[in-house]
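Only one structure is covered here, and it is reproduced in the block below.
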Amino acid sequence: MMRGEATRCAAPEAERGRMNKELFGVFGDRDAFTDHRDESEFHTVVEGESVTVGVRDPALGVADRTAVAESDRGVCVVWGEAFTPDAAEADPAAWLLENHVAGNDGALDRLNGSYLAVVEVDGDALVATDPLRSWECFYTDALGPRAFGTDASVFRGLLGDPAPDRTAVLEFLHLGTVLGERTLFESLERVPFDGYLRTASVGEFDRFVYDPQPGDHAAVLADRLDRAIDRRAGYPGRKGLLLSAGQDSRTILAGEPDITECYTVGAPDSQEVAVARRIADQFDADHTVLAPAARYLGDVDCKVPYTQGLRESLHVHHGGYDDELEADTMYHGLLYDTLLKGYFLEWDSKSVLGVEVPQRQLVDDPQPVAELIDTLGFMPEGSDRLADRIAGLFPGLDLDLEDPRAFIADRLQAELAAGRSRVDSAHNAMDLLVLRNQPVTHFRTQLADNYLESFVAIDRELLQWHLETPPEHRHYGTVADALAMMDDRLLEHRPPGRPHRIELLNQIERFARRKLPLVGPIEPAWPDRETLYEEHDLDEKFFPDDRAVRDLPARQKLRANDLRWWLP
């Protein structure tokens with residue numbers, strides 16, 4: 001697949017499929033399928049006895065990517081990126097169909113990657129997510145036979161004028177993420193985390209269950225990262241990497257020697273860009289800076305469709321820069337922080353000379369909701385007046401809440417309860433809550449729709465490492481040790497926020513930079529959204545006639561604008 005075949009900004013028309021890559025199906029025959037979609041929209045349409053599926057993907061036929069298979073017993077589609085067990089030579093769809101025909105119900109446990117699978121044998125059809133639900137699968141029973149697919153905007157068009165789901169709308173506005181299986185619309189739902197869909201039922205597998213084990217966790221991680229990257233090393237064309245100054249994306253440079261293009265979002269003179277440039281030079285890759293500008297926050301039509309109405313578009317940092325990303329295959333380090341480094345866990349700290357120093361020790365009595373509510377995007381500085389300020393944007397929609405913080409806390413508590421059977425501790429429950437409701441997966445959805453994208457962190461061996469490594473060992477230090485084992489050059493240029501290997505020294509330097517004159521602070525990794533919003537007068541672009549909205553923080557105004565895209 002050449003890069004030019006897929007690239008375009010998504011168009012805003014509701015009746016039009018927005019994505020270059022899509023899976024859409026019905027639990028019914030071809031006539032039921034064509035009641036909703038034109039076959040010419042897809043590269044191929046596969047019909048079984050009880051399911052019909054259309055597939056659009058320029059990478060159809062590329063090894064370890066989207067594949068279809070048919071036999072006299074059934075049909076199968078594996079959509080996305082998938083790897084069969086090492087001894088298997090068949091493509092993922094042929095392998096999965098063969099195993100289901102043979103009655104091997106455990107085949108989905110062994111399929112590796114970021115995918116959706118549809119398999120039917122002798123008229124019994126199943127739609128399955130990967131263990132982390134890295135692709136959303138939407139479904140509705142409001143169109144006749146149950147329909148399912150990967151693009152929420154398509155269903156918005158097919159459903160006509162679907163009624164908003166008030167709870168989901170409030171979650172989106174106050175948290176930036178719609179939780180659980182909801183969508184913005186009452187008549188549209190999502191297949192659950194680690195879940196499946198059948199003709200008239202929906203349920204969950206038990207592939208993602210915590211089972212902590214002893215071991216040399218850094219050494220195991222180093223080996224598994226090497227293998228995960230190596231599995232994804234053979235893709236065609238020019239290979240690019242979204243490179244930050246942190247630990248995560250640089251691992252791919254060590255494991256994938258053919259990266260030629262690196263891209264970093266940030267001001268050209270920022271600490272983030274300076275370190276990323278040195279890393280790219282170290283591995284003989286070209287480096288391009290994607291400087292913040294109006295398009296960083298303002299190009300909503302190139303970002304919002306990829307949110308699926310579930311997440312704020314803010315996190316698609318690279319969304320407005322497609323014209324500068326000259327690569328066919330694109331890599332990134334998404335989800336390393338959650339899966340490998342315990343970013344959302346509650347770590348203990350102690351005061352040293354007046355400086356609060358985080359410890360590599362978890363608190364004894366974690367408070368998941370209290371710890372996560374602000375980290376995940378609740379903004380108390382605007383939430384109390386949010387409903388009043390945006391009421392004019394959504395007439396007829398009840399947005400009033402007596403206590404927004406209590407509402408979000410209750411919703412997070414419900415999500416903790418929903419994952420209880422998969423966890424052994426409150427610490428793992430915190431990570432599971434975030435993984436079930438990842439606020440940033442649309443970052444890769446945009447990449448995957450415009451490039452041949454590879455999702456390293458979701459490798460089956462790395463998910464297993466996450467589930468088997470006790471939470472107290474999932475931290476920055478373990479990953480640093482693993483990186484040193486992979487390539488002793490990887491931490492030669494340290495992240496700006498962690499210039500020293502000893503955490504106490506990092507905290508002391510941060511403290512000194514805050515207090516001492518003529519010494520600049522350690523800069524955040526991402527551009528300041530409030531500053532950019534004001535510099536480019538986005539109030540005038542987004543809300544020229546709605547002055548009440550302008551009183552809100554920039555992030556909440558961006559959420560309101562995203563929501564208006566979905567609820568015109």
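Starting from 1 in every chain, residues are counted up; chains themselves are A, B, ... following the order of the structure tokens, and ligands are numbered from 1 as listed.
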Determine, for each residue of stretch 248-273 of chain A having at least one atom at most 8 Å from an atom of stretch 287-307 of chain A, the closest pair of atoms and their separation in Å to one decimal, counting only C-alpha atoms; order by chain and ascending number, as a Markdown table.
```
| residue | atom | partner | partner_atom | distance |
| --- | --- | --- | --- | --- |
| A:Glu261 | CA | A:His287 | CA | 6.0 |
| A:Cys262 | CA | A:His287 | CA | 4.7 |
| A:Tyr263 | CA | A:Thr288 | CA | 4.9 |
| A:Thr264 | CA | A:Val289 | CA | 5.1 |
| A:Val265 | CA | A:Leu290 | CA | 4.6 |
| A:Gly266 | CA | A:Ala291 | CA | 5.2 |
| A:Ala267 | CA | A:Ala291 | CA | 5.1 |
| A:Pro268 | CA | A:Val289 | CA | 6.4 |
| A:Val273 | CA | A:Val289 | CA | 7.2 |
```
Mind writing the picked residues with all heavy atoms as a compact mmCIF listing (two decimals), in the first residue's frame?
```txt
# COMPACT_ATOMS: atom_id res chain seq x y z
N GLU A 261 12.29 8.01 8.86
CA GLU A 261 11.67 9.30 9.12
C GLU A 261 11.14 9.33 10.55
O GLU A 261 10.41 8.43 10.97
CB GLU A 261 10.48 9.53 8.17
CG GLU A 261 10.73 9.14 6.71
CD GLU A 261 11.70 10.06 6.02
OE1 GLU A 261 11.77 11.24 6.42
OE2 GLU A 261 12.39 9.60 5.10
N CYS A 262 11.51 10.34 11.31
CA CYS A 262 10.99 10.55 12.65
C CYS A 262 10.29 11.91 12.73
O CYS A 262 10.78 12.89 12.15
CB CYS A 262 12.10 10.49 13.71
SG CYS A 262 12.83 8.85 13.91
N TYR A 263 9.18 11.96 13.44
CA TYR A 263 8.38 13.17 13.54
C TYR A 263 8.07 13.47 15.00
O TYR A 263 7.67 12.58 15.76
CB TYR A 263 7.06 13.00 12.77
CG TYR A 263 7.26 12.62 11.32
CD1 TYR A 263 7.25 11.29 10.93
CD2 TYR A 263 7.48 13.60 10.36
CE1 TYR A 263 7.45 10.93 9.60
CE2 TYR A 263 7.67 13.26 9.03
CZ TYR A 263 7.66 11.91 8.65
OH TYR A 263 7.87 11.57 7.34
N THR A 264 8.24 14.74 15.39
CA THR A 264 7.97 15.16 16.75
C THR A 264 7.11 16.42 16.73
O THR A 264 7.45 17.39 16.06
CB THR A 264 9.27 15.46 17.52
OG1 THR A 264 10.12 14.32 17.45
CG2 THR A 264 8.98 15.79 18.97
N VAL A 265 5.99 16.38 17.47
CA VAL A 265 5.15 17.55 17.62
C VAL A 265 5.73 18.42 18.73
O VAL A 265 5.93 17.96 19.86
CB VAL A 265 3.71 17.15 17.97
CG1 VAL A 265 2.86 18.41 18.22
CG2 VAL A 265 3.09 16.32 16.85
N GLY A 266 6.02 19.68 18.42
CA GLY A 266 6.55 20.58 19.44
C GLY A 266 7.21 21.79 18.84
O GLY A 266 7.51 21.83 17.64
N ALA A 267 7.44 22.80 19.67
CA ALA A 267 8.14 24.00 19.21
C ALA A 267 9.57 23.65 18.84
O ALA A 267 10.23 22.87 19.55
CB ALA A 267 8.12 25.06 20.31
N PRO A 268 10.10 24.19 17.75
CA PRO A 268 11.45 23.82 17.30
C PRO A 268 12.53 24.03 18.35
O PRO A 268 13.54 23.31 18.35
CB PRO A 268 11.67 24.73 16.09
CG PRO A 268 10.29 25.00 15.57
CD PRO A 268 9.42 25.08 16.79
N VAL A 273 11.71 18.60 21.59
CA VAL A 273 12.22 18.47 20.23
C VAL A 273 13.73 18.28 20.23
O VAL A 273 14.26 17.47 19.45
CB VAL A 273 11.80 19.70 19.40
CG1 VAL A 273 12.61 19.78 18.11
CG2 VAL A 273 10.31 19.65 19.10
```
Give one line per residue of stretch 32-99 of chain A that approaches stretch 441-464 of chain A to at most 12 Å, naming the two atoms of the closest pair and their distance in Å to one decimal, counting only C-alpha atoms; sort by chain then ascending residue number and deliver it as a tab-separated table.
```
residue	atom	partner	partner_atom	distance
A:Arg56	CA	A:Asp449	CA	10.6
A:Asp57	CA	A:Asp449	CA	8.7
A:Pro58	CA	A:Leu452	CA	8.8
A:Ala59	CA	A:Leu452	CA	7.1
A:Leu60	CA	A:Leu452	CA	10.7
A:Val62	CA	A:Leu452	CA	9.8
A:Ala63	CA	A:Leu452	CA	11.6
A:Asp64	CA	A:Ser454	CA	10.5
A:Arg65	CA	A:Leu452	CA	9.1
A:Thr66	CA	A:Leu452	CA	11.0
A:Trp79	CA	A:Ala448	CA	11.7
A:Gly80	CA	A:Ala448	CA	8.7
A:Glu81	CA	A:Ser454	CA	7.3
A:Ala82	CA	A:Asp459	CA	9.3
A:Phe83	CA	A:Asp459	CA	9.2
A:Thr84	CA	A:Arg460	CA	10.7
A:Pro85	CA	A:Arg460	CA	10.5
```
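Straight-line separation from atom CA of A:Gly103 to atom CA of A:Ala88: 16.9 Å.
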Considering only C-alpha atoms, state which residue in the set A:His43, A:His332, A:Arg232, A:Arg207 is at the smallest distance from A:Ala107.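 Looking at the shortest contact to A:Ala107, the residue is A:Arg207.
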Return as an MDAnalysis selection string the full set of residues in stretch 21-230 of chain A whose backbone-based DSSP assignment is strand (DSSP E or B). chainID A and resid 22:26 44:47 52:56 65:70 74:83 112:121 124:129 138:140 147:149 164 177 185 189:190 195:197 202:204
I'd like a table as a tab-separated table: residues in stretch 261-363 of chain A with an atom no more than 10 Å from stretch 374-382 of chain A, each row giving the shortest atom pair and its distance in Å to one decimal, only C-alpha atoms counted, sorted by chain and rising residue number.
```
residue	atom	partner	partner_atom	distance
A:Glu312	CA	A:Gly377	CA	9.8
A:Tyr343	CA	A:Thr375	CA	10.0
A:Phe344	CA	A:Thr375	CA	7.8
```
Put those residues in a file: N, CA, C and O atoms, as an mmCIF file, in the first residue's frame.
```cif
data_model
loop_
_atom_site.group_PDB
_atom_site.id
_atom_site.type_symbol
_atom_site.label_atom_id
_atom_site.label_comp_id
_atom_site.auth_asym_id
_atom_site.auth_seq_id
_atom_site.Cartn_x
_atom_site.Cartn_y
_atom_site.Cartn_z
ATOM 1 N N GLU A 312 -12.234 12.921 23.341
ATOM 2 C CA GLU A 312 -11.970 14.264 22.860
ATOM 3 C C GLU A 312 -10.853 14.251 21.826
ATOM 4 O O GLU A 312 -9.873 13.520 21.938
ATOM 5 N N TYR A 343 1.576 4.219 34.740
ATOM 6 C CA TYR A 343 1.361 5.666 34.783
ATOM 7 C C TYR A 343 0.150 6.031 35.633
ATOM 8 O O TYR A 343 0.136 7.058 36.323
ATOM 9 N N PHE A 344 -0.900 5.212 35.598
ATOM 10 C CA PHE A 344 -2.135 5.541 36.303
ATOM 11 C C PHE A 344 -2.230 4.889 37.679
ATOM 12 O O PHE A 344 -3.265 5.005 38.343
#
```
Closest of A:Phe27, A:Ala254, A:Thr150, A:Glu535 to A:Asp230, counting only C-alpha atoms, is A:Ala254
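Among the candidates A:Arg278, A:Lys341, A:Arg311, A:Arg559, the one nearest to A:Arg494 when counting only C-alpha atoms is A:Arg278.
Take atom CA of A:Thr183 and atom CA of A:Glu171: the distance between them is 10.2 Å.
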